[in-house]
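Pasting data07.txt here (compact mmCIF, C-alpha atoms and all ligand atoms):
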# COMPACT_ATOMS: atom_id res chain seq x y z
CA MET A 13 0.00 0.00 0.00
CA ASN A 14 1.17 3.52 -0.77
CA ALA A 15 2.13 5.64 2.25
CA LEU A 16 -0.26 8.50 3.04
CA ILE A 17 2.60 10.95 3.51
CA GLU A 18 5.83 10.61 1.56
CA LEU A 19 8.80 12.95 1.87
CA ASP A 20 11.84 12.74 -0.35
CA GLU A 21 15.01 14.58 0.67
CA ILE A 22 13.23 17.62 2.08
CA SER A 23 15.63 20.36 3.23
CA LYS A 24 14.78 23.73 4.71
CA ASN A 25 17.17 26.63 5.22
CA TYR A 26 16.43 29.79 7.16
CA GLY A 27 19.09 32.01 5.62
CA SER A 28 22.33 30.14 6.23
CA TYR A 29 20.82 27.99 9.01
CA GLN A 30 19.70 24.52 7.96
CA ALA A 31 16.61 23.48 9.96
CA LEU A 32 15.93 20.29 7.93
CA ASP A 33 18.57 18.30 6.12
CA ARG A 34 17.39 15.83 3.47
CA VAL A 35 14.45 14.42 5.40
CA SER A 36 12.94 11.35 3.76
CA LEU A 37 9.95 9.66 5.38
CA SER A 38 6.98 7.42 4.65
CA ILE A 39 4.06 7.72 7.00
CA ASP A 40 1.24 5.18 6.88
CA SER A 41 -2.15 5.09 8.56
CA GLY A 42 -2.03 4.48 12.31
CA ILE A 43 -0.29 6.65 14.86
CA THR A 44 3.19 7.97 14.14
CA SER A 45 4.90 9.96 16.86
CA LEU A 46 7.30 12.71 15.88
CA LEU A 47 9.93 13.27 18.56
CA GLY A 48 13.05 15.33 18.87
CA PRO A 49 14.82 17.70 21.21
CA ASN A 50 14.04 21.42 21.12
CA GLY A 51 15.18 22.94 17.86
CA ALA A 52 15.36 19.58 16.04
CA GLY A 53 13.15 20.82 13.21
CA LYS A 54 9.74 19.32 14.13
CA SER A 55 7.72 22.54 13.78
CA THR A 56 9.49 23.33 10.52
CA LEU A 57 8.52 19.91 9.19
CA ILE A 58 4.89 20.35 10.28
CA LYS A 59 4.70 23.77 8.63
CA ILE A 60 6.01 22.28 5.39
CA LEU A 61 3.41 19.49 5.59
CA LEU A 62 0.66 22.06 6.13
CA GLY A 63 1.86 24.18 3.22
CA LEU A 64 2.70 27.11 5.52
CA LEU A 65 6.39 26.95 4.55
CA ARG A 66 8.06 25.98 1.31
CA ALA A 67 10.90 23.46 1.41
CA THR A 68 14.21 24.79 0.11
CA SER A 69 14.70 21.54 -1.79
CA GLY A 70 13.23 18.07 -2.03
CA GLU A 71 9.67 17.04 -2.62
CA GLY A 72 6.81 15.26 -0.97
CA ARG A 73 3.14 14.46 -1.10
CA LEU A 74 0.18 13.96 1.18
CA LEU A 75 -2.26 11.45 -0.30
CA ASP A 76 -2.11 12.32 -4.01
CA PHE A 77 -1.22 15.98 -3.53
CA GLN A 78 2.21 17.51 -4.00
CA LEU A 79 3.63 19.63 -1.18
CA GLY A 80 4.02 23.24 -2.21
CA ARG A 81 1.75 22.79 -5.23
CA HIS A 82 -1.63 21.62 -3.92
CA ASN A 83 -1.77 23.46 -0.62
CA ARG A 84 -5.54 24.02 -0.61
CA GLN A 85 -6.32 20.35 -1.27
CA ILE A 86 -3.83 19.34 1.42
CA ARG A 87 -5.32 21.69 4.03
CA GLU A 88 -8.79 20.30 3.33
CA ARG A 89 -7.54 16.83 4.11
CA VAL A 90 -5.44 17.58 7.17
CA GLY A 91 -6.74 18.38 10.64
CA TYR A 92 -4.18 20.40 12.55
CA MET A 93 -4.29 20.86 16.30
CA PRO A 94 -1.79 23.58 17.21
CA GLU A 95 -0.03 23.63 20.54
CA ASP A 96 -1.20 27.15 21.36
CA ASP A 97 -4.67 28.59 21.68
CA CYS A 98 -6.25 30.27 18.68
CA TYR A 99 -9.83 31.21 19.50
CA LEU A 100 -12.06 34.22 19.06
CA SER A 101 -13.13 35.72 22.38
CA GLY A 102 -16.87 36.00 22.80
CA LEU A 103 -17.69 32.81 20.91
CA SER A 104 -18.89 29.75 22.79
CA GLY A 105 -17.16 26.38 22.38
CA VAL A 106 -19.76 25.05 19.99
CA GLU A 107 -19.76 28.28 17.97
CA SER A 108 -15.97 28.04 17.68
CA VAL A 109 -16.15 24.51 16.32
CA GLN A 110 -19.04 25.48 14.05
CA LEU A 111 -16.92 28.33 12.68
CA SER A 112 -14.05 25.93 11.93
CA ALA A 113 -16.47 23.71 10.00
CA GLN A 114 -17.86 26.72 8.11
CA LEU A 115 -14.29 27.71 7.19
CA SER A 116 -14.04 24.21 5.71
CA ARG A 117 -17.06 25.21 3.62
CA PHE A 118 -19.82 23.35 5.42
CA PRO A 119 -23.18 25.19 5.49
CA ARG A 120 -24.09 26.82 8.82
CA LEU A 121 -26.54 24.19 10.11
CA GLU A 122 -24.45 21.23 9.01
CA ALA A 123 -21.45 22.93 10.65
CA LEU A 124 -23.43 23.26 13.89
CA ARG A 125 -24.52 19.60 13.76
CA ARG A 126 -20.91 18.54 13.25
CA GLY A 127 -19.80 20.84 16.06
CA HIS A 128 -22.14 19.15 18.54
CA GLU A 129 -21.24 15.67 17.31
CA ILE A 130 -17.54 16.23 17.67
CA LEU A 131 -17.85 17.92 21.07
CA ASP A 132 -19.85 14.89 22.25
CA PHE A 133 -16.96 12.70 21.06
CA CYS A 134 -14.55 14.95 22.95
CA GLY A 135 -16.55 14.53 26.15
CA MET A 136 -17.58 18.18 26.38
CA GLY A 137 -20.91 18.73 28.12
CA GLN A 138 -22.96 21.89 28.72
CA GLU A 139 -19.77 23.93 29.00
CA ARG A 140 -19.84 24.04 25.20
CA TYR A 141 -22.30 26.94 25.53
CA ARG A 142 -19.86 29.02 27.62
CA ALA A 143 -17.51 31.64 26.20
CA VAL A 144 -14.19 30.01 25.34
CA GLU A 145 -12.12 32.55 27.25
CA THR A 146 -13.59 31.08 30.48
CA TYR A 147 -12.31 27.59 29.62
CA SER A 148 -9.77 25.60 31.65
CA THR A 149 -6.60 24.23 30.00
CA GLY A 150 -8.25 20.83 29.51
CA MET A 151 -11.34 22.34 27.91
CA ARG A 152 -9.23 24.47 25.57
CA GLN A 153 -7.28 21.36 24.53
CA LYS A 154 -10.57 19.57 23.74
CA LEU A 155 -11.74 22.58 21.77
CA ARG A 156 -8.60 22.67 19.63
CA PHE A 157 -8.88 18.94 19.11
CA ALA A 158 -12.54 19.28 18.06
CA GLN A 159 -11.65 22.10 15.65
CA ALA A 160 -9.01 19.90 14.02
CA LEU A 161 -11.47 17.02 13.59
CA VAL A 162 -14.69 18.73 12.62
CA HIS A 163 -14.22 18.44 8.84
CA ASP A 164 -13.43 14.70 9.18
CA PRO A 165 -9.96 14.82 7.58
CA PRO A 166 -8.13 11.57 6.82
CA ILE A 167 -4.87 12.93 8.26
CA LEU A 168 -4.45 14.53 11.68
CA ILE A 169 -1.42 16.46 12.89
CA LEU A 170 -1.62 16.92 16.65
CA ASP A 171 0.91 19.18 18.36
CA GLU A 172 1.30 18.35 22.06
CA PRO A 173 -2.35 17.27 22.46
CA THR A 174 -1.92 16.09 26.07
CA SER A 175 0.35 18.77 27.50
CA GLY A 176 -1.05 20.36 30.63
CA LEU A 177 -3.77 17.72 31.07
CA ASP A 178 -4.43 15.92 34.36
CA PRO A 179 -3.94 12.12 34.28
CA GLY A 180 -7.63 11.34 33.71
CA GLU A 181 -8.03 13.85 30.88
CA ARG A 182 -4.75 12.71 29.38
CA GLU A 183 -5.91 9.10 29.25
CA SER A 184 -9.23 10.17 27.68
CA MET A 185 -7.41 12.20 25.05
CA LEU A 186 -5.11 9.28 24.20
CA ASN A 187 -8.14 6.97 23.94
CA ARG A 188 -9.82 9.35 21.51
CA ILE A 189 -6.65 9.45 19.40
CA LYS A 190 -6.56 5.63 19.39
CA ILE A 191 -10.22 5.43 18.33
CA LEU A 192 -9.59 7.82 15.46
CA ALA A 193 -6.63 5.78 14.22
CA ARG A 194 -7.86 2.24 14.91
CA GLU A 195 -11.59 2.56 14.26
CA LYS A 196 -11.85 5.48 11.87
CA GLY A 197 -8.71 4.65 9.88
CA LYS A 198 -7.08 8.06 10.21
CA ALA A 199 -3.35 8.67 9.94
CA VAL A 200 -2.22 10.56 13.04
CA LEU A 201 1.07 12.40 13.32
CA LEU A 202 1.53 13.02 17.02
CA CYS A 203 4.13 15.57 18.08
CA THR A 204 4.92 15.31 21.76
CA HIS A 205 7.70 15.36 24.32
CA ILE A 206 5.79 12.98 26.62
CA LEU A 207 7.44 9.59 26.07
CA PRO A 208 4.89 7.51 28.04
CA ASP A 209 2.18 8.83 25.68
CA VAL A 210 4.28 7.78 22.71
CA GLN A 211 4.77 4.34 24.25
CA ALA A 212 1.04 4.03 24.97
CA VAL A 213 -0.35 4.78 21.52
CA SER A 214 2.26 4.78 18.75
CA ASP A 215 2.54 2.34 15.91
CA ALA A 216 5.62 4.08 14.52
CA VAL A 217 8.17 6.58 15.78
CA VAL A 218 10.18 9.22 13.96
CA ILE A 219 13.00 10.92 15.84
CA LEU A 220 14.51 14.10 14.46
CA ALA A 221 17.72 15.57 15.83
CA ASN A 222 19.95 18.27 14.40
CA ALA A 223 17.71 18.67 11.36
CA ARG A 224 17.94 15.01 10.34
CA VAL A 225 15.90 11.85 10.71
CA ARG A 226 17.72 9.66 13.24
CA VAL A 227 15.07 6.96 13.65
CA ALA A 228 11.99 6.05 11.62
CA ASP A 229 10.53 2.64 12.36
CA GLN A 230 7.70 0.69 13.92
CA LEU A 231 7.81 0.96 17.72
CA GLU A 232 7.59 -2.82 17.93
CA HIS A 233 10.81 -3.21 15.89
CA LEU A 234 12.63 -0.52 17.84
CA SER A 235 11.84 -2.18 21.15
CA VAL A 236 13.64 -5.41 20.23
CA PRO A 237 17.33 -5.28 21.27
CA THR A 238 19.94 -6.00 18.59
CA ALA A 239 21.43 -8.87 20.65
CA PRO A 240 18.96 -11.22 22.40
CA SER A 241 19.06 -10.79 26.15
CA LEU A 242 17.06 -11.38 29.30
CA ARG A 243 16.13 -8.97 32.06
CA VAL A 244 16.45 -10.65 35.42
CA LYS A 245 15.12 -9.44 38.75
CA ILE A 246 16.20 -11.27 41.85
CA LEU A 247 15.34 -11.39 45.53
CA GLY A 248 18.57 -10.94 47.46
CA ASP A 249 21.94 -9.32 46.82
CA ALA A 250 21.73 -8.22 43.15
CA ASP A 251 25.34 -6.92 43.05
CA ALA A 252 26.73 -10.20 44.35
CA PHE A 253 24.65 -12.21 41.88
CA GLU A 254 25.73 -9.94 39.03
CA SER A 255 29.39 -10.59 39.93
CA HIS A 256 28.65 -14.32 40.11
CA LEU A 257 27.17 -14.26 36.60
CA ARG A 258 30.26 -12.43 35.31
CA ARG A 259 32.58 -14.96 36.98
CA VAL A 260 30.92 -17.83 35.10
CA GLY A 261 31.52 -15.96 31.83
CA LEU A 262 28.14 -14.40 31.09
CA SER A 263 27.88 -10.98 29.48
CA VAL A 264 26.03 -8.87 32.02
CA GLN A 265 24.92 -5.25 32.26
CA PRO A 266 23.13 -3.63 35.14
CA SER A 267 19.88 -2.05 33.97
CA ALA A 268 17.27 0.20 35.51
CA ASN A 269 15.30 -0.62 38.68
CA GLY A 270 17.77 -3.15 40.07
CA ALA A 271 17.31 -5.53 37.13
CA ILE A 272 20.27 -7.28 35.47
CA THR A 273 20.48 -7.67 31.69
CA VAL A 274 22.16 -10.89 30.55
CA GLU A 275 22.98 -11.45 26.89
CA GLY A 276 22.19 -14.78 25.27
CA GLN A 277 19.54 -16.92 23.61
CA HIS A 278 16.45 -16.83 25.73
CA GLU A 279 15.53 -20.43 26.56
CA GLU A 280 18.89 -21.96 27.40
CA LEU A 281 19.99 -18.81 29.18
CA ALA A 282 16.89 -18.73 31.37
CA GLU A 283 17.53 -22.33 32.41
CA ARG A 284 21.14 -21.49 33.27
CA ILE A 285 20.16 -18.42 35.32
CA TRP A 286 17.72 -20.50 37.38
CA GLN A 287 20.52 -22.98 38.13
CA LEU A 288 23.03 -20.26 39.00
CA ALA A 289 20.49 -18.55 41.25
CA ARG A 290 19.91 -21.81 43.11
CA GLN A 291 23.68 -22.26 43.56
CA ALA A 292 24.06 -18.66 44.78
CA ARG A 293 21.03 -19.06 47.06
CA VAL A 294 19.14 -16.10 45.68
CA GLY A 295 15.53 -16.08 44.60
CA VAL A 296 14.47 -15.16 41.05
CA ARG A 297 11.66 -12.64 41.02
CA SER A 298 11.29 -12.55 37.20
CA ILE A 299 13.07 -13.37 33.96
CA GLU A 300 11.79 -11.81 30.76
CA PRO A 301 13.10 -10.89 27.30
CA SER A 302 14.71 -7.43 27.37
CA ARG A 303 13.02 -4.59 25.50
CA ASN A 304 14.64 -1.29 24.59
CA SER A 305 12.78 1.44 26.44
CA LEU A 306 11.63 4.44 24.46
CA GLU A 307 13.82 6.62 26.65
CA GLU A 308 16.89 4.56 25.66
CA ILE A 309 15.88 4.66 21.99
CA PHE A 310 15.40 8.44 22.17
CA LEU A 311 18.64 9.15 24.01
CA ASN A 312 20.68 6.92 21.69
CA ALA A 313 19.16 8.57 18.64
CA VAL A 314 19.79 12.06 19.92
CA ARG A 315 23.33 11.33 21.11
CA GLU A 316 24.40 9.89 17.73
CA GLN A 317 26.67 12.24 15.84
CA PRO A 318 25.76 13.28 12.29
CA ASP A 319 27.49 10.87 9.93
CA GLY A 320 27.28 12.95 6.79
CA HIS A 321 25.06 10.40 5.03
CA SER A 322 21.32 10.33 4.50
N1 LIG A 401 11.89 31.69 10.94
C1 LIG A 401 13.06 31.22 11.38
N2 LIG A 401 14.21 31.87 11.13
C2 LIG A 401 15.40 31.40 11.55
N3 LIG A 401 15.56 30.25 12.25
C3 LIG A 401 14.45 29.56 12.54
C4 LIG A 401 13.14 30.00 12.13
N4 LIG A 401 12.24 29.09 12.56
C5 LIG A 401 12.95 28.14 13.22
N5 LIG A 401 14.26 28.41 13.20
C6 LIG A 401 15.34 27.59 13.77
O1 LIG A 401 15.29 26.31 13.15
C7 LIG A 401 15.55 25.29 14.11
C8 LIG A 401 14.40 24.30 14.10
O2 LIG A 401 13.28 24.96 14.65
P1 LIG A 401 11.91 24.22 14.88
O3 LIG A 401 10.97 25.22 15.49
O4 LIG A 401 11.48 23.56 13.62
O5 LIG A 401 12.32 23.10 15.97
P2 LIG A 401 11.40 22.19 16.90
O6 LIG A 401 11.94 20.81 16.79
O7 LIG A 401 9.97 22.40 16.55
O8 LIG A 401 11.70 22.76 18.35
P3 LIG A 401 10.73 22.85 19.64
O9 LIG A 401 10.58 21.45 20.18
O10 LIG A 401 11.53 23.72 20.56
O11 LIG A 401 9.45 23.49 19.21
C9 LIG A 401 15.76 25.99 15.45
O12 LIG A 401 17.15 26.14 15.67
C10 LIG A 401 15.11 27.32 15.26
O13 LIG A 401 15.73 28.33 16.04
Give the structure from this file in structure tokens form.
Ligand SMILES: Nc1ncnc2c1ncn2[C@@H]1O[C@H](COP(=O)(O)OP(=O)(O)OP(=O)(O)O)[C@@H](O)[C@H]1O
Amino acid sequence: MNALIELDEISKNYGSYQALDRVSLSIDSGITSLLGPNGAGKSTLIKILLGLLRATSGEGRLLDFQLGRHNRQIRERVGYMPEDDCYLSGLSGVESVQLSAQLSRFPRLEALRRGHEILDFCGMGQERYRAVETYSTGMRQKLRFAQALVHDPPILILDEPTSGLDPGERESMLNRIKILAREKGKAVLLCTHILPDVQAVSDAVVILANARVRVADQLEHLSVPTAPSLRVKILGDADAFESHLRRVGLSVQPSANGAITVEGQHEELAERIWQLARQARVGVRSIEPSRNSLEEIFLNAVREQPDGHS
């Protein structure tokens, strides 16, 4: 299947400063998280996707529409939730969403119907009739989300949709994003700094750093370590057991939360660790295949030095 968004060697210079350096990407349906440290080039990339900025070189398309050439068609098919507020004081929540739908050329009554429908989906009750300037952070987030969705676009670009939300609201927002991707078939590009959110919902992850794509892969693939290994938690003296494992020739690394990572093929290694634990008189709390955490993946990607190749 063709990717919904395809970028080929997109570069962007601001004067002599290069904000994007030959970015090539394929983004499919599902949820793709776009990560990167401050200044990595994420906002620049989003603006190019939305047609708000022109790439200095390279080309790309959203659906069947060329970036920089079919901006109107692209904007009709993309729902963008900006990080910052952009509302008109004096309008109520439902009027604000209605206005967004009207700007997407829906007639007034149909726009109002859509506004109510989408605010129901966003879990907004009677507060939709209040002036938006009286809204809490969570309500303003829902409003921006509703405005991005109201014209039912196939592609959503969500900039920090959960920032500033309390844990309950955050979970509800992530659930809505999952419903849109899994049940409604939308492609979601999720820009966030909140790694647990990325872990909770993403199918794929793109990491930008220093203007370049460092990682672009399915989260499932990224989580599998390059060398097979087991993560072992024990009851007893972990340092002493770690030394014991080293003495018998195993390749061992301490990992987070008092766990020990031992390299080797899973089944025979697990058997051996049980035996060694019995000998050392320590209890085994758990043995499980190691997974790369998103934090490790992110830090490794960001630490890597530019190699001069695309
Ligand atoms: N209009 C501009 N003129 C000059 N430099 C710019 C301009 N816009 C962005 N930059 C620079 O380009 C680089 C990438 O900026 P961008 O906003 O795309 O990064 P970002 O990954 O979105 O960062 P953040 O997470 O902080 O929002 C930064 O160094 C920024 O200072």
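In this comparison, which uses all atoms listed in the file, the residue of A:Thr204, A:Ser241, A:Ser116, A:Ser302 approaching Leu170 of chain A most closely is A:Thr204.
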Exercise. Identify, counting only C-alpha atoms and all ligand atoms, the protein, DNA and RNA residues located within 9 Å of ligand LIG 401 (chain A), and give them as an NGL selection string.
Key: :A and (24-32 or 47-59 or 203-205 or 220-223)
Exercise. Find the distance between atom CA of Gly150 of chain A and atom CA of Leu177 of chain A and write it in Å to one decimal.
Key: 5.7 Å
Exercise. Enumerate, as JSON, numbers by chain, the protein, DNA and RNA residues whose atoms approach (18.6, -13.7, 18.9) to within 8 Å, taking into account all atoms listed in the file and the coordinate frame of the file.
Key: {"A": [238, 239, 240, 241, 276, 277, 278]}
Would you write out those residues with C-alpha atoms, as a PDB file, in the frame of the given file?
ATOM      1  CA  THR A 238      19.940  -6.000  18.590  1.00  0.00           C
ATOM      2  CA  ALA A 239      21.430  -8.870  20.650  1.00  0.00           C
ATOM      3  CA  PRO A 240      18.960 -11.220  22.400  1.00  0.00           C
ATOM      4  CA  SER A 241      19.060 -10.790  26.150  1.00  0.00           C
ATOM      5  CA  GLY A 276      22.190 -14.780  25.270  1.00  0.00           C
ATOM      6  CA  GLN A 277      19.540 -16.920  23.610  1.00  0.00           C
ATOM      7  CA  HIS A 278      16.450 -16.830  25.730  1.00  0.00           C
TER       8      HIS A 278
END
Quiz item: Nearest to Val217 of chain A: which of A:Glu122, A:Asp40, A:Glu280, A:Glu195 is it, counting all atoms listed in the file?
Solution: A:Asp40
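Between atom CA of Ser235 of chain A and atom CA of Phe253 of chain A there is a distance of 26.4 Å.
Between atom CA of Ile22 of chain A and atom CA of Val225 of chain A the separation is 10.7 Å.
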Cut-off 12 Å: closest segment 172-215 of chain A/segment 127-133 of chain A atom pairs per residue, using only C-alpha atoms, as JSON lines:
{"residue": "A:Ser184", "atom": "CA", "partner": "A:Phe133", "partner_atom": "CA", "distance": 10.5}
{"residue": "A:Met185", "atom": "CA", "partner": "A:Phe133", "partner_atom": "CA", "distance": 10.4}
{"residue": "A:Asn187", "atom": "CA", "partner": "A:Phe133", "partner_atom": "CA", "distance": 10.9}
{"residue": "A:Arg188", "atom": "CA", "partner": "A:Phe133", "partner_atom": "CA", "distance": 7.9}
{"residue": "A:Ile189", "atom": "CA", "partner": "A:Phe133", "partner_atom": "CA", "distance": 10.9}
{"residue": "A:Ile191", "atom": "CA", "partner": "A:Phe133", "partner_atom": "CA", "distance": 10.3}
{"residue": "A:Leu192", "atom": "CA", "partner": "A:Phe133", "partner_atom": "CA", "distance": 10.5}
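Considering the residues A:Ala252, A:Val264, A:Met136, A:Leu306 and counting only C-alpha atoms, His233 of chain A has its shortest atom-to-atom contact with A:Leu306.
Neighbours of Asp33 of chain A closer than or equal to 6 Å, with all atoms listed in the file counted and sequence neighbours fewer than 2 positions away skipped, come out as A:Ser23, A:Val35, A:Ala223, A:Arg224.
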Exercise. Go ahead and find all residues with at least one atom no further than 12 Å from (-0.8, 26.9, 19.8) in the file's coordinates, using only C-alpha atoms; report them as an NGL selection string.
Key: :A and (55 or 92-99 or 152-153 or 155-157 or 170-173 or 175)
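Residues with any atom within 12 Å of His82 of chain A, counting only C-alpha atoms and excluding same-chain neighbours fewer than 4 positions away, are Leu61, Leu62, Gly63, Leu64, Arg66, Gly72, Arg73, Leu74, Leu75, Asp76, Phe77, Gln78, Ile86, Arg87, Glu88 and Arg89 of chain A.
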